Structure formats: C-alpha cells, structure tokens
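Text of the file input.txt, holding compact mmCIF, C-alpha atoms and all ligand atoms:
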```txt
# COMPACT_ATOMS: atom_id res chain seq x y z
CA MET V 274 36.52 5.87 -4.98
CA LYS V 275 33.97 7.05 -7.52
CA ALA V 276 30.37 6.12 -6.77
CA LEU V 277 26.92 6.93 -8.07
CA THR V 278 24.90 8.46 -5.25
CA VAL V 279 21.50 9.99 -4.63
CA THR V 280 20.06 11.97 -1.75
CA PRO V 281 16.98 9.84 -1.07
CA GLY V 282 13.76 11.80 -1.25
CA THR V 283 15.32 14.49 -3.47
CA ARG V 284 14.40 14.44 -7.13
CA ASP V 285 17.22 14.33 -9.72
CA SER V 286 19.99 14.14 -7.12
CA ALA V 287 21.97 11.38 -8.88
CA ARG V 288 25.68 12.33 -8.99
CA VAL V 289 28.98 10.55 -9.51
CA ARG V 290 31.04 11.63 -6.49
CA GLU V 291 34.03 10.58 -4.41
CA MET V 292 33.03 8.32 -1.56
CA PRO V 293 35.20 6.62 1.10
CA ASP V 294 36.54 3.16 0.20
CA PRO V 295 34.17 0.37 1.21
CA PRO V 296 34.47 -0.43 4.94
CA GLU V 297 35.93 -3.77 6.08
CA ALA V 298 32.67 -4.27 7.99
CA ASP V 299 30.92 -4.84 4.65
CA GLY V 300 32.83 -8.12 4.28
CA PRO V 301 36.23 -9.67 3.60
CA ILE V 302 35.78 -10.03 -0.17
CA LEU V 303 36.85 -7.02 -2.22
CA VAL V 304 35.14 -6.76 -5.59
CA ARG V 305 35.81 -4.44 -8.51
CA THR V 306 32.52 -3.49 -10.14
CA LEU V 307 32.31 -4.11 -13.88
CA ALA V 308 28.72 -3.14 -14.62
CA VAL V 309 25.44 -2.21 -12.98
CA GLY V 310 22.00 -2.55 -14.58
CA VAL V 311 19.44 0.24 -14.33
CA CYS V 312 15.83 -0.71 -13.57
CA GLY V 313 12.50 0.87 -12.72
CA THR V 314 13.38 0.88 -9.03
CA ASP V 315 16.47 3.01 -9.78
CA HIS V 316 14.31 5.46 -11.72
CA GLU V 317 11.97 5.73 -8.73
CA ILE V 318 14.93 6.30 -6.39
CA VAL V 319 16.33 8.99 -8.69
CA ASP V 320 12.86 10.57 -8.82
CA GLY V 321 13.00 10.83 -5.02
CA ALA V 322 10.03 8.49 -4.62
CA TYR V 323 11.81 5.49 -3.09
CA GLY V 324 15.10 4.59 -1.40
CA GLU V 325 16.66 5.19 1.99
CA ALA V 326 20.25 6.17 2.93
CA PRO V 327 22.19 4.10 5.48
CA PRO V 328 21.50 5.26 9.05
CA GLY V 329 23.22 8.57 9.82
CA GLU V 330 24.17 9.28 6.17
CA ASP V 331 22.72 11.71 3.63
CA HIS V 332 23.69 9.83 0.48
CA LEU V 333 22.88 6.38 -0.82
CA ILE V 334 25.13 4.64 -3.34
CA ILE V 335 22.60 3.14 -5.70
CA GLY V 336 22.87 0.11 -7.99
CA HIS V 337 21.53 -3.33 -7.12
CA GLU V 338 21.92 -5.23 -10.42
CA SER V 339 25.63 -5.87 -10.20
CA LEU V 340 28.42 -7.67 -11.98
CA GLY V 341 31.94 -7.61 -10.55
CA ARG V 342 35.28 -9.37 -10.37
CA VAL V 343 36.83 -10.49 -7.10
CA GLU V 344 40.09 -8.65 -6.39
CA ASP V 345 40.82 -10.02 -2.96
CA ALA V 346 39.32 -12.86 -0.94
CA PRO V 347 40.60 -14.62 2.16
CA ASP V 348 41.52 -18.33 2.06
CA GLY V 349 38.55 -20.45 2.94
CA SER V 350 36.02 -17.89 1.74
CA GLY V 351 35.15 -20.03 -1.28
CA PHE V 352 36.18 -17.21 -3.66
CA THR V 353 39.44 -16.46 -5.43
CA PRO V 354 40.67 -13.33 -7.22
CA GLY V 355 39.36 -13.24 -10.78
CA ASP V 356 35.97 -14.85 -9.96
CA LEU V 357 33.01 -13.22 -11.67
CA VAL V 358 30.43 -12.43 -8.99
CA VAL V 359 27.03 -10.93 -8.38
CA GLY V 360 26.05 -9.44 -5.02
CA ILE V 361 22.76 -10.44 -3.43
CA VAL V 362 20.50 -7.41 -2.86
CA ARG V 363 18.65 -8.07 0.39
CA ARG V 364 20.05 -8.61 3.91
CA PRO V 365 18.01 -10.27 6.67
CA ASP V 366 16.35 -8.15 9.32
CA PRO V 367 18.21 -7.89 12.66
CA VAL V 368 15.54 -9.66 14.75
CA PRO V 369 15.50 -11.94 12.66
CA CYS V 370 11.98 -13.02 11.70
CA ALA V 371 11.33 -16.72 11.06
CA ASN V 372 11.86 -16.34 7.31
CA CYS V 373 15.07 -14.29 7.54
CA ALA V 374 16.40 -16.76 10.11
CA ALA V 375 15.88 -19.51 7.54
CA GLY V 376 17.71 -17.59 4.79
CA GLN V 377 14.42 -16.59 3.16
CA TRP V 378 14.93 -12.85 3.50
CA ASP V 379 12.88 -12.33 0.33
CA MET V 380 9.88 -13.26 2.51
CA CYS V 381 10.90 -11.04 5.47
CA ALA V 382 7.89 -10.85 7.78
CA ASN V 383 8.55 -7.58 9.60
CA GLY V 384 9.84 -5.33 6.81
CA ARG V 385 13.04 -4.51 8.69
CA TYR V 386 15.26 -6.05 5.98
CA THR V 387 17.79 -3.83 4.20
CA GLU V 388 18.62 -3.82 0.48
CA ARG V 389 21.90 -2.81 -1.14
CA GLY V 390 21.41 0.22 -3.31
CA ILE V 391 17.78 0.61 -2.26
CA LYS V 392 17.01 0.50 1.46
CA ALA V 393 19.43 1.67 4.18
CA ARG V 394 22.54 0.01 2.68
CA HIS V 395 24.96 1.23 0.01
CA GLY V 396 24.66 -0.42 -3.38
CA TYR V 397 27.07 -1.62 -6.00
CA ALA V 398 27.47 1.39 -8.35
CA SER V 399 30.93 2.22 -7.05
CA GLU V 400 34.39 1.32 -8.30
CA HIS V 401 34.76 -1.26 -5.53
CA TYR V 402 32.56 -2.85 -2.92
CA ARG V 403 33.07 -5.34 -0.11
CA ILE V 404 30.83 -8.29 0.64
CA HIS V 405 30.48 -11.34 2.91
CA PRO V 406 30.77 -14.66 1.05
CA GLU V 407 27.23 -15.74 1.92
CA PHE V 408 25.88 -12.78 -0.08
CA ALA V 409 28.10 -13.21 -3.16
CA VAL V 410 27.25 -15.64 -5.96
CA ARG V 411 29.88 -16.89 -8.40
CA LEU V 412 28.95 -16.92 -12.08
CA ASP V 413 30.03 -19.16 -14.93
CA PRO V 414 32.89 -17.15 -16.53
CA ALA V 415 31.36 -17.91 -19.95
CA LEU V 416 28.48 -15.56 -19.10
CA ASP V 417 30.93 -12.71 -19.02
CA ARG V 418 29.19 -9.34 -19.63
CA VAL V 419 25.64 -10.72 -19.72
CA GLY V 420 26.11 -11.73 -16.07
CA VAL V 421 24.72 -8.27 -15.26
CA LEU V 422 21.28 -9.75 -16.07
CA MET V 423 21.56 -12.11 -13.10
CA GLU V 424 19.72 -10.01 -10.49
CA PRO V 425 16.61 -9.35 -12.60
CA THR V 426 16.63 -13.06 -13.51
CA THR V 427 16.51 -13.98 -9.79
CA ILE V 428 13.22 -12.07 -9.47
CA LEU V 429 11.70 -14.34 -12.12
CA ALA V 430 13.37 -17.48 -10.76
CA LYS V 431 11.54 -16.83 -7.50
CA ALA V 432 8.28 -15.93 -9.27
CA TRP V 433 8.37 -19.16 -11.28
CA GLU V 434 9.29 -21.27 -8.25
CA HIS V 435 6.32 -19.86 -6.34
CA VAL V 436 3.92 -20.20 -9.30
CA GLU V 437 4.82 -23.87 -9.57
CA SER V 438 4.64 -24.58 -5.86
CA ILE V 439 1.19 -22.95 -5.68
CA GLY V 440 0.09 -24.81 -8.82
CA HIS V 441 0.99 -28.12 -7.24
CA ARG V 442 -1.82 -27.69 -4.69
CA ALA V 443 -3.71 -30.03 -7.08
CA ALA V 444 -3.04 -32.24 -10.09
CA TRP V 445 -1.90 -29.56 -12.53
CA SER V 446 -0.80 -29.65 -16.12
CA PRO V 447 -0.41 -26.04 -17.25
CA ARG V 448 0.40 -25.32 -20.89
CA ARG V 449 -0.34 -21.71 -21.71
CA VAL V 450 1.52 -18.80 -20.17
CA LEU V 451 0.75 -15.11 -20.59
CA VAL V 452 3.46 -12.58 -19.74
CA THR V 453 2.48 -8.92 -19.66
CA GLY V 454 5.24 -6.44 -20.50
CA ALA V 455 8.24 -7.10 -22.74
CA GLY V 456 10.73 -5.08 -20.73
CA PRO V 457 13.66 -6.92 -19.12
CA VAL V 458 11.47 -8.51 -16.43
CA GLY V 459 8.85 -9.69 -18.94
CA LEU V 460 11.47 -11.00 -21.36
CA LEU V 461 13.18 -12.95 -18.58
CA ALA V 462 9.79 -14.27 -17.41
CA ALA V 463 9.19 -15.47 -20.97
CA LEU V 464 12.69 -16.99 -21.23
CA LEU V 465 12.18 -19.01 -18.03
CA GLY V 466 8.70 -20.07 -19.22
CA VAL V 467 10.06 -21.29 -22.55
CA GLN V 468 12.88 -23.12 -20.75
CA ARG V 469 10.19 -24.96 -18.76
CA GLY V 470 8.53 -26.06 -22.00
CA TYR V 471 5.44 -23.83 -21.77
CA ASP V 472 3.62 -22.20 -24.65
CA VAL V 473 4.35 -18.52 -23.94
CA ARG V 474 2.51 -15.41 -25.15
CA VAL V 475 3.90 -11.95 -24.41
CA LEU V 476 1.78 -8.78 -24.39
CA ASP V 477 3.31 -5.32 -24.75
CA GLN V 478 2.06 -2.02 -26.12
CA VAL V 479 4.94 -1.36 -28.55
CA SER V 480 4.99 -2.85 -32.02
CA SER V 481 8.43 -1.60 -33.08
CA GLY V 482 11.96 -1.74 -31.63
CA PRO V 483 13.76 -4.90 -30.52
CA LYS V 484 11.05 -6.44 -28.30
CA PRO V 485 8.91 -8.27 -30.90
CA GLN V 486 11.95 -10.00 -32.39
CA LEU V 487 13.43 -10.88 -28.99
CA VAL V 488 10.12 -12.57 -28.12
CA ALA V 489 9.89 -14.32 -31.49
CA ASP V 490 13.45 -15.60 -31.14
CA LEU V 491 12.48 -17.31 -27.90
CA GLY V 492 9.78 -19.20 -29.78
CA ALA V 493 7.05 -17.24 -27.95
CA SER V 494 4.29 -15.18 -29.58
CA TYR V 495 4.06 -11.38 -29.34
CA HIS V 496 0.80 -9.44 -28.99
CA THR V 497 -0.06 -5.78 -28.66
CA ASP V 498 -3.73 -6.32 -27.76
CA LEU V 499 -5.02 -8.56 -24.98
CA GLN V 500 -8.01 -9.45 -27.18
CA ASP V 501 -5.64 -10.96 -29.76
CA VAL V 502 -4.26 -13.47 -27.28
CA ASP V 503 -5.99 -16.58 -28.57
CA ALA V 504 -6.63 -18.52 -25.37
CA ASP V 505 -6.88 -18.04 -21.63
CA ALA V 506 -3.69 -18.75 -19.72
CA ASP V 507 -2.96 -21.31 -17.01
CA ILE V 508 -0.16 -19.10 -15.70
CA ILE V 509 0.04 -15.31 -15.93
CA ILE V 510 3.15 -13.37 -14.99
CA GLU V 511 2.26 -9.67 -14.80
CA CYS V 512 5.38 -7.53 -15.21
CA THR V 513 4.04 -4.00 -15.81
CA GLY V 514 2.33 -2.94 -12.57
CA ALA V 515 0.03 -0.87 -14.83
CA GLY V 516 -3.22 -0.57 -12.85
CA SER V 517 -5.88 -1.41 -15.43
CA LEU V 518 -3.81 -4.11 -17.15
CA VAL V 519 -3.32 -5.87 -13.83
CA LEU V 520 -7.09 -6.25 -13.61
CA ASP V 521 -7.64 -6.94 -17.31
CA VAL V 522 -5.26 -9.90 -17.36
CA MET V 523 -7.23 -11.57 -14.61
CA THR V 524 -10.09 -11.87 -17.10
CA ARG V 525 -7.79 -13.98 -19.29
CA SER V 526 -6.98 -16.64 -16.71
CA ALA V 527 -8.10 -20.22 -17.31
CA ARG V 528 -9.64 -22.39 -14.60
CA ASN V 529 -7.23 -23.14 -11.71
CA ALA V 530 -4.89 -20.41 -12.98
CA VAL V 531 -2.01 -18.96 -11.02
CA VAL V 532 -1.45 -15.24 -11.56
CA CYS V 533 1.82 -13.75 -10.29
CA LEU V 534 2.18 -9.98 -9.94
CA THR V 535 5.79 -8.77 -10.16
CA GLY V 536 5.38 -5.15 -11.26
CA VAL V 537 5.52 -2.46 -8.60
CA SER V 538 2.99 0.22 -9.58
CA SER V 539 4.29 3.76 -9.38
CA GLY V 540 1.88 6.00 -7.52
CA SER V 541 -1.77 5.20 -7.11
CA ARG V 542 -4.41 5.17 -9.78
CA GLU V 543 -8.07 4.49 -9.29
CA VAL V 544 -9.86 2.19 -11.68
CA GLY V 545 -13.48 1.14 -11.41
CA VAL V 546 -13.65 -2.54 -10.51
CA ASP V 547 -16.56 -4.94 -10.33
CA VAL V 548 -15.27 -6.55 -7.14
CA GLY V 549 -18.23 -8.93 -6.97
CA GLY V 550 -17.60 -10.18 -10.51
CA LEU V 551 -13.89 -10.53 -9.88
CA ASN V 552 -14.50 -12.43 -6.66
CA ARG V 553 -17.05 -14.71 -8.28
CA GLY V 554 -14.69 -15.53 -11.14
CA MET V 555 -11.77 -16.25 -8.84
CA VAL V 556 -13.76 -18.44 -6.47
CA LEU V 557 -15.58 -20.45 -9.11
CA GLU V 558 -12.35 -21.05 -11.02
CA ASN V 559 -10.00 -21.66 -8.06
CA ASP V 560 -7.76 -18.84 -9.28
CA VAL V 561 -4.79 -17.66 -7.23
CA VAL V 562 -3.38 -14.14 -7.55
CA PHE V 563 -0.21 -13.43 -5.59
CA GLY V 564 2.60 -10.89 -5.45
CA SER V 565 6.30 -11.69 -5.58
CA VAL V 566 9.35 -9.55 -4.79
CA ASN V 567 13.09 -9.99 -4.32
CA ALA V 568 14.94 -13.33 -4.19
CA ASN V 569 16.96 -15.44 -1.80
CA ARG V 570 20.21 -17.29 -2.43
CA ARG V 571 18.45 -20.36 -3.85
CA HIS V 572 16.86 -18.14 -6.54
CA TYR V 573 20.27 -16.70 -7.44
CA GLU V 574 21.50 -20.23 -8.01
CA GLN V 575 18.44 -21.05 -10.14
CA ALA V 576 18.95 -17.82 -12.11
CA ALA V 577 22.63 -18.59 -12.72
CA GLU V 578 21.61 -21.94 -14.18
CA ALA V 579 18.87 -20.41 -16.35
CA LEU V 580 21.27 -17.81 -17.77
CA THR V 581 23.89 -20.46 -18.48
CA ARG V 582 21.26 -22.47 -20.44
CA ALA V 583 20.06 -19.41 -22.41
CA ASP V 584 21.38 -18.29 -25.78
CA ARG V 585 24.25 -15.91 -25.05
CA GLY V 586 23.55 -13.80 -28.17
CA TRP V 587 19.90 -13.36 -27.16
CA LEU V 588 20.90 -12.21 -23.68
CA GLU V 589 23.41 -9.80 -25.20
CA ARG V 590 20.63 -8.31 -27.36
CA MET V 591 18.53 -7.63 -24.27
CA ILE V 592 21.16 -5.08 -23.26
CA SER V 593 20.23 -2.24 -25.57
CA ARG V 594 22.74 0.33 -24.27
CA ARG V 595 25.96 0.29 -22.24
CA VAL V 596 26.69 3.76 -20.89
CA PRO V 597 29.81 4.88 -18.95
CA LEU V 598 29.08 5.67 -15.29
CA GLU V 599 29.85 9.37 -15.79
CA ARG V 600 27.04 9.60 -18.34
CA ILE V 601 24.40 8.63 -15.82
CA ALA V 602 22.02 11.33 -17.06
CA ASP V 603 22.10 9.67 -20.49
CA ALA V 604 21.50 6.26 -19.00
CA LEU V 605 18.45 7.53 -17.11
CA ASP V 606 17.00 9.24 -20.15
CA ALA V 607 14.62 6.52 -21.34
CA ARG V 608 14.57 5.90 -25.10
CA ASP V 609 11.81 4.19 -27.06
CA ASP V 610 13.93 1.24 -28.08
CA ASP V 611 15.55 0.66 -24.68
CA VAL V 612 15.27 -2.76 -23.17
CA LYS V 613 17.98 -2.99 -20.49
CA VAL V 614 20.37 -0.10 -19.97
CA VAL V 615 23.63 -0.94 -18.21
CA LEU V 616 26.18 1.35 -16.58
CA ASP V 617 29.64 0.31 -17.67
CA LEU V 618 32.22 0.94 -14.96
CA GLU V 619 35.10 -0.27 -17.10
CA ALA V 620 34.56 2.40 -19.75
CA GLY V 621 35.46 6.04 -19.37
C1 LIG Y 701 14.78 -5.34 -6.82
C2 LIG Y 701 14.44 -6.24 -5.65
C3 LIG Y 701 13.90 -5.41 -4.50
C4 LIG Y 701 12.73 -4.58 -4.99
C5 LIG Y 701 12.08 -3.73 -3.89
C6 LIG Y 701 13.60 -4.49 -7.18
O1 LIG Y 701 13.96 -3.60 -8.20
O2 LIG Y 701 15.15 -6.11 -7.94
O3 LIG Y 701 15.58 -6.96 -5.27
O4 LIG Y 701 13.49 -6.25 -3.46
O5 LIG Y 701 13.16 -3.74 -6.04
O6 LIG Y 701 12.94 -2.84 -3.27
```
Would it be possible to restate this file's structure as structure tokens?
Amino acid sequence: MKALTVTPGTRDSARVREMPDPPEADGPILVRTLAVGVCGTDHEIVDGAYGEAPPGEDHLIIGHESLGRVEDAPDGSGFTPGDLVVGIVRRPDPVPCANCAAGQWDMCANGRYTERGIKARHGYASEHYRIHPEFAVRLDPALDRVGVLMEPTTILAKAWEHVESIGHRAAWSPRRVLVTGAGPVGLLAALLGVQRGYDVRVLDQVSSGPKPQLVADLGASYHTDLQDVDADADIIIECTGAGSLVLDVMTRSARNAVVCLTGVSSGSREVGVDVGGLNRGMVLENDVVFGSVNANRRHYEQAAEALTRADRGWLERMISRRVPLERIADALDARDDDVKVVLDLEAG
C-alpha cells in the first residue's frame, strides 16, 4: 500500500512509498484512510527534529490527525463497515504507569508511551491501517469531511477540561478568555470557549487572510496587539509556543487566572525574564500556569460532541487546502493564508 514515510532525524525525507499492508497485530479493524491533517508536529518530524521509527525499522509512516472509513470489523467489536472513524494517537506505556493503567495515557508518568505517526509507531497516512476498537472513535456521519479536525479538537477538549478542573479549586466565575494564536489549535480553543459561553478574545500577528473573519464569525474578538486586548483574562490558552509571547500573556492574567500552555516551542530561545516579578505576580494573584499535551479517550468523546455542535460551514472554512497525498511537498510548503492543510487520500 502507498504510505507517507519519513526517516526520523533526516531533514526533508518525506516520501510516498510502497509499504507492507498493515499487520494483523495492529488490530482487527481495517480502516481505509480518507484524509490526514498536517500540523506543526508533522513539520518538525519532516524537518528531522522530532519523531521516532518503530523499533527495528528505518521509516516512520507519519500522520496522526486521521479520518477513515471502516472496511472490515469483527462482530462484537462495536464497529461496522462504513463507520466514519478517527484513530487515537497515543498508546499506553508497557509498564504501565498508574495513569496509563487508568486509561489516562495523555498523562503518562514515565514517558514510555508510543504515538501513532510520531513516536515509535506507524501513523495513519497510508491507504489502510488496522486498529484495536479501544483506540478507534466513531464519528457522527454528518461531520463527514470535517471529521479530520477531530484530533486537534481533542487537544483543546483536554486543555479546557483541565483549565476548568483547576479553576474549581475555589469559587470561580470566569468570564474573559484570551487565546493566543489563530492557527487551527487557537481557533479550536476559541470555538470551545465560545461554546462554554465565555467572552473570547483571540490574538494573532496577521491582519489579513481568513483568520480574522473566522474569529469574528465565532462571536469572538480579534486582536493583533496584546496591548489592544481591553481587559485581563480569567483564562488564557496559549497556542503559539512563541517564547516571548508565552511570558507576555502572563502579564495579562486577572486574579486567580488559569493559564494553559499548549504550544510546543521549536528550539530554544533565551529571553530576559524578571523571575522575581513574575513569581510575585503569580503568588499574590493565585495564578496557575500549566502545560497540556495529547488526549485520552474521554477527550475524543468530548471533541466529537463539540464538533457536532459547531457550525459545519465554519469548520469547513478552517480547512484552507486539501492536497492529494502525492503532492506532499505542496502540502508542507506553508502559505500565508493557510489555516489547516489536509492530505486527501481519496484524490489522485
Ligand atoms: C499531537 C499530540 C501529541 C503531541 C506530542 C501533537 O501534535 O496532536 O497527540 O501528543 O504532538 O507528540
């Protein structure tokens, strides 16, 4: 079968090549891949900066934001041919740690988890893949092609769940939310914030392209300068990982704020920080800053519900380009007005 592979650690090694059919050991459900989203993590893997091949192999099939249709599923698996499905990314570590044992592999405590398309396990950018039922999530058929947004939505479903559980350490009535970055992660953070009834402000550096309108259509406000954001926020979801912005947003948190960092910074960058001032502010205002990555099955279910409630046309507009798998180089070539680029495995 055709698959999109990289040689981890080698820059620009992404190729569409013939790979063996998926092994039965991957699970009894056979899925035909319809589409795979491309994200910052994929760019890092293609740049040779991240990613790990399965043990004993040179290549890694990438792709972790999947959408597929079940072709074959055994009786009693809970799936039937024709079901629209998304594959969960992470698999528990083999020990397993207390979190993985409880199905909370997103909180794996020893780092020995694997991730499809990222860490030591083949991903979904292949014509077919196999999966065990506990790692496949069925989607409302009405979502159709926008179902490819499910995996990035799970990242925000988890982030929001954790923000709210931290917030409930005290009586808490948050109103204002600040989201930094209007890429797919930021837009989905804003969508979930609006769905919760919050007053959402989104900060991004671009003033043209589809982002301002996408934000406006959610009923949120769009800003290109942190100083123009009119009030400090009770909740901040940072989605850029851009060093200085990560620190700057902390100066815009209200008392008792919860700040969630979701952006993985690429490389290291030194910025001068007044650690004493930052500490003083956080202590005297009871602020919490925490990081959030990945998602467990519960978050996939929350994300499926959030997508079903969202405006289908708006979700469709988030997908700025659909590119056939063979034109991977095109898909990876970032354009100014890109929001989410999707590899289309049905085209071509
Ligand atoms: C994926 C997560 C994954 C993380 C770190 C993200 O792009 O969406 O599922 O845990 O990368 O590998």
Quick one: residues within 7 Å of (16.0, -14.6, -4.6) (file frame), counting all atoms listed in the file, please, as a list in words.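 Output of the proximity query reads Asp379, Thr427, Ile428, Lys431, Asn567, Ala568, Asn569, Arg570, Arg571, His572 and Tyr573 of chain V.
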Can you tell me which residues come within 10 Å of ligand LIG 701 (chain Y) when counting all atoms listed in the file, ideally as a PyMOL selection string? chain V and resi 311-318+323-324+336-338+361-363+378-380+386-392+424-429+458+535-537+565-569
Counting all atoms listed in the file, which of V:Arg403, V:Ala398, V:Val309, V:Ala462 gets nearest to Ala346 of chain V?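 Using all atoms listed in the file, Ala346 of chain V sits closest to V:Arg403.
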Distance atom CA of Leu416 of chain V-atom CA of Glu599 of chain V, one decimal place?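 Atom-to-atom, atom CA of Leu416 of chain V and atom CA of Glu599 of chain V are spaced 25.2 Å apart.
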Quick one: pull the distance between atom CA of Pro296 of chain V and atom CA of His395 of chain V, Å, one decimal. 10.8 Å
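Rounded to one decimal, atom CA of Asp560 of chain V and atom CA of Leu534 of chain V lie 13.3 Å from each other.
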With a distance cut-off of 9 Å and all atoms listed in the file, select the neighbouring residues of Ile601 of chain V, excluding the residue or stretch itself and same-chain residues fewer than 6 positions from it, and output the selection as a ChimeraX atom specification. /V:277,287-289,616
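Taking all atoms listed in the file into account, Gly440 of chain V lies nearest to V:Val532 out of the set V:Val519, V:Val532, V:Leu476, V:Val544.
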Let me make sure I understand: among V:Val279, V:Ile439, V:Val479, V:Met523, which one has the smallest atom-to-atom distance to Leu451 of chain V if we use all atoms listed in the file? V:Met523
Counting only C-alpha atoms, figure out which residue out of V:Met292, V:Val421, V:Ala443, V:Ala382 gets nearest to Val615 of chain V. V:Val421
First collect every listed atom of segment 485-492 of chain V; then fit an axis-aligned box around them, widen it by 6 Å on each side, and give centre and edge lengths in Å to one decimal, as JSON.
```
{"center_x": 11.2, "center_y": -13.7, "center_z": -30.1, "size_x": 16.5, "size_y": 22.9, "size_z": 16.5}
```
Residues within 10 Å of (4.4, -11.6, -18.6), file coords, only C-alpha atoms, listed as a compact mmCIF listing (two decimals) with C-alpha atoms, in the frame of the given file:
```txt
# COMPACT_ATOMS: atom_id res chain seq x y z
CA VAL V 450 1.52 -18.80 -20.17
CA LEU V 451 0.75 -15.11 -20.59
CA VAL V 452 3.46 -12.58 -19.74
CA THR V 453 2.48 -8.92 -19.66
CA GLY V 454 5.24 -6.44 -20.50
CA ALA V 455 8.24 -7.10 -22.74
CA GLY V 456 10.73 -5.08 -20.73
CA VAL V 458 11.47 -8.51 -16.43
CA GLY V 459 8.85 -9.69 -18.94
CA LEU V 460 11.47 -11.00 -21.36
CA LEU V 461 13.18 -12.95 -18.58
CA ALA V 462 9.79 -14.27 -17.41
CA ALA V 463 9.19 -15.47 -20.97
CA GLY V 466 8.70 -20.07 -19.22
CA VAL V 473 4.35 -18.52 -23.94
CA ARG V 474 2.51 -15.41 -25.15
CA VAL V 475 3.90 -11.95 -24.41
CA LEU V 476 1.78 -8.78 -24.39
CA ASP V 477 3.31 -5.32 -24.75
CA ILE V 508 -0.16 -19.10 -15.70
CA ILE V 509 0.04 -15.31 -15.93
CA ILE V 510 3.15 -13.37 -14.99
CA GLU V 511 2.26 -9.67 -14.80
CA CYS V 512 5.38 -7.53 -15.21
CA THR V 513 4.04 -4.00 -15.81
CA VAL V 522 -5.26 -9.90 -17.36
CA VAL V 532 -1.45 -15.24 -11.56
CA CYS V 533 1.82 -13.75 -10.29
CA LEU V 534 2.18 -9.98 -9.94
CA THR V 535 5.79 -8.77 -10.16
CA GLY V 536 5.38 -5.15 -11.26
```
For each of V:Ala375, V:Val546, V:Ala430, V:Val502, take the minimum atom-to-atom distance to Gly516 of chain V, counting only C-alpha atoms, then give the residue where this is smallest. V:Val546
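Among the candidates V:Leu464, V:Ile335, V:Val556, V:Ala493, the residue lying nearest to Arg582 of chain V is V:Leu464 (atoms considered: only C-alpha atoms).
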Leaving out Leu580 of chain V and any residue of its chain fewer than 2 positions from it, which residues lie within 9 Å of it when counting all atoms listed in the file, given as a ChimeraX atom specification? /V:416,419-420,422-423,426,575-578,582-585,588
List as an MDAnalysis selection string the protein and nucleic acid residues near Arg418 of chain V, meaning an atom at most 9 Å away when only C-alpha atoms are counted, but skip any in the same chain fewer than 3 places from it. chainID V and resid 307:308 340 415 421:422 589
Since the input has fewer atoms than a full residue there, write segment 439-451 of chain V out with N, CA and C atoms, as a PDB file, in the coordinates of the input.
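Saved as rebuild-v5.pdb:
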```pdb
ATOM      1  N   ILE V 439       2.631 -23.179  -5.897  1.00  0.00           N
ATOM      2  CA  ILE V 439       1.190 -22.950  -5.680  1.00  0.00           C
ATOM      3  C   ILE V 439       0.390 -23.880  -6.602  1.00  0.00           C
ATOM      4  N   GLY V 440       0.805 -23.972  -7.847  1.00  0.00           N
ATOM      5  CA  GLY V 440       0.090 -24.810  -8.820  1.00  0.00           C
ATOM      6  C   GLY V 440      -0.023 -26.253  -8.360  1.00  0.00           C
ATOM      7  N   HIS V 441       0.992 -26.711  -7.653  1.00  0.00           N
ATOM      8  CA  HIS V 441       0.990 -28.120  -7.240  1.00  0.00           C
ATOM      9  C   HIS V 441       0.100 -28.389  -6.038  1.00  0.00           C
ATOM     10  N   ARG V 442      -0.799 -27.425  -5.728  1.00  0.00           N
ATOM     11  CA  ARG V 442      -1.820 -27.690  -4.690  1.00  0.00           C
ATOM     12  C   ARG V 442      -2.776 -28.774  -5.176  1.00  0.00           C
ATOM     13  N   ALA V 443      -2.806 -29.027  -6.502  1.00  0.00           N
ATOM     14  CA  ALA V 443      -3.710 -30.030  -7.080  1.00  0.00           C
ATOM     15  C   ALA V 443      -2.998 -30.659  -8.266  1.00  0.00           C
ATOM     16  N   ALA V 444      -3.621 -31.692  -8.852  1.00  0.00           N
ATOM     17  CA  ALA V 444      -3.040 -32.240 -10.090  1.00  0.00           C
ATOM     18  C   ALA V 444      -3.064 -31.080 -11.076  1.00  0.00           C
ATOM     19  N   TRP V 445      -2.005 -30.812 -11.761  1.00  0.00           N
ATOM     20  CA  TRP V 445      -1.900 -29.560 -12.530  1.00  0.00           C
ATOM     21  C   TRP V 445      -1.069 -29.808 -13.767  1.00  0.00           C
ATOM     22  N   SER V 446      -1.616 -29.475 -14.909  1.00  0.00           N
ATOM     23  CA  SER V 446      -0.800 -29.650 -16.120  1.00  0.00           C
ATOM     24  C   SER V 446      -0.915 -28.391 -16.979  1.00  0.00           C
ATOM     25  N   PRO V 447      -0.293 -27.299 -16.521  1.00  0.00           N
ATOM     26  CA  PRO V 447      -0.410 -26.040 -17.250  1.00  0.00           C
ATOM     27  C   PRO V 447       0.299 -26.107 -18.600  1.00  0.00           C
ATOM     28  N   ARG V 448      -0.241 -25.375 -19.567  1.00  0.00           N
ATOM     29  CA  ARG V 448       0.400 -25.320 -20.890  1.00  0.00           C
ATOM     30  C   ARG V 448       0.625 -23.874 -21.318  1.00  0.00           C
ATOM     31  N   ARG V 449      -0.415 -23.067 -21.151  1.00  0.00           N
ATOM     32  CA  ARG V 449      -0.340 -21.710 -21.710  1.00  0.00           C
ATOM     33  C   ARG V 449       0.066 -20.691 -20.655  1.00  0.00           C
ATOM     34  N   VAL V 450       1.019 -19.857 -21.061  1.00  0.00           N
ATOM     35  CA  VAL V 450       1.520 -18.800 -20.170  1.00  0.00           C
ATOM     36  C   VAL V 450       1.299 -17.458 -20.841  1.00  0.00           C
ATOM     37  N   LEU V 451       0.834 -16.488 -20.081  1.00  0.00           N
ATOM     38  CA  LEU V 451       0.750 -15.110 -20.590  1.00  0.00           C
ATOM     39  C   LEU V 451       1.676 -14.244 -19.741  1.00  0.00           C
TER      40      LEU V 451
END
```
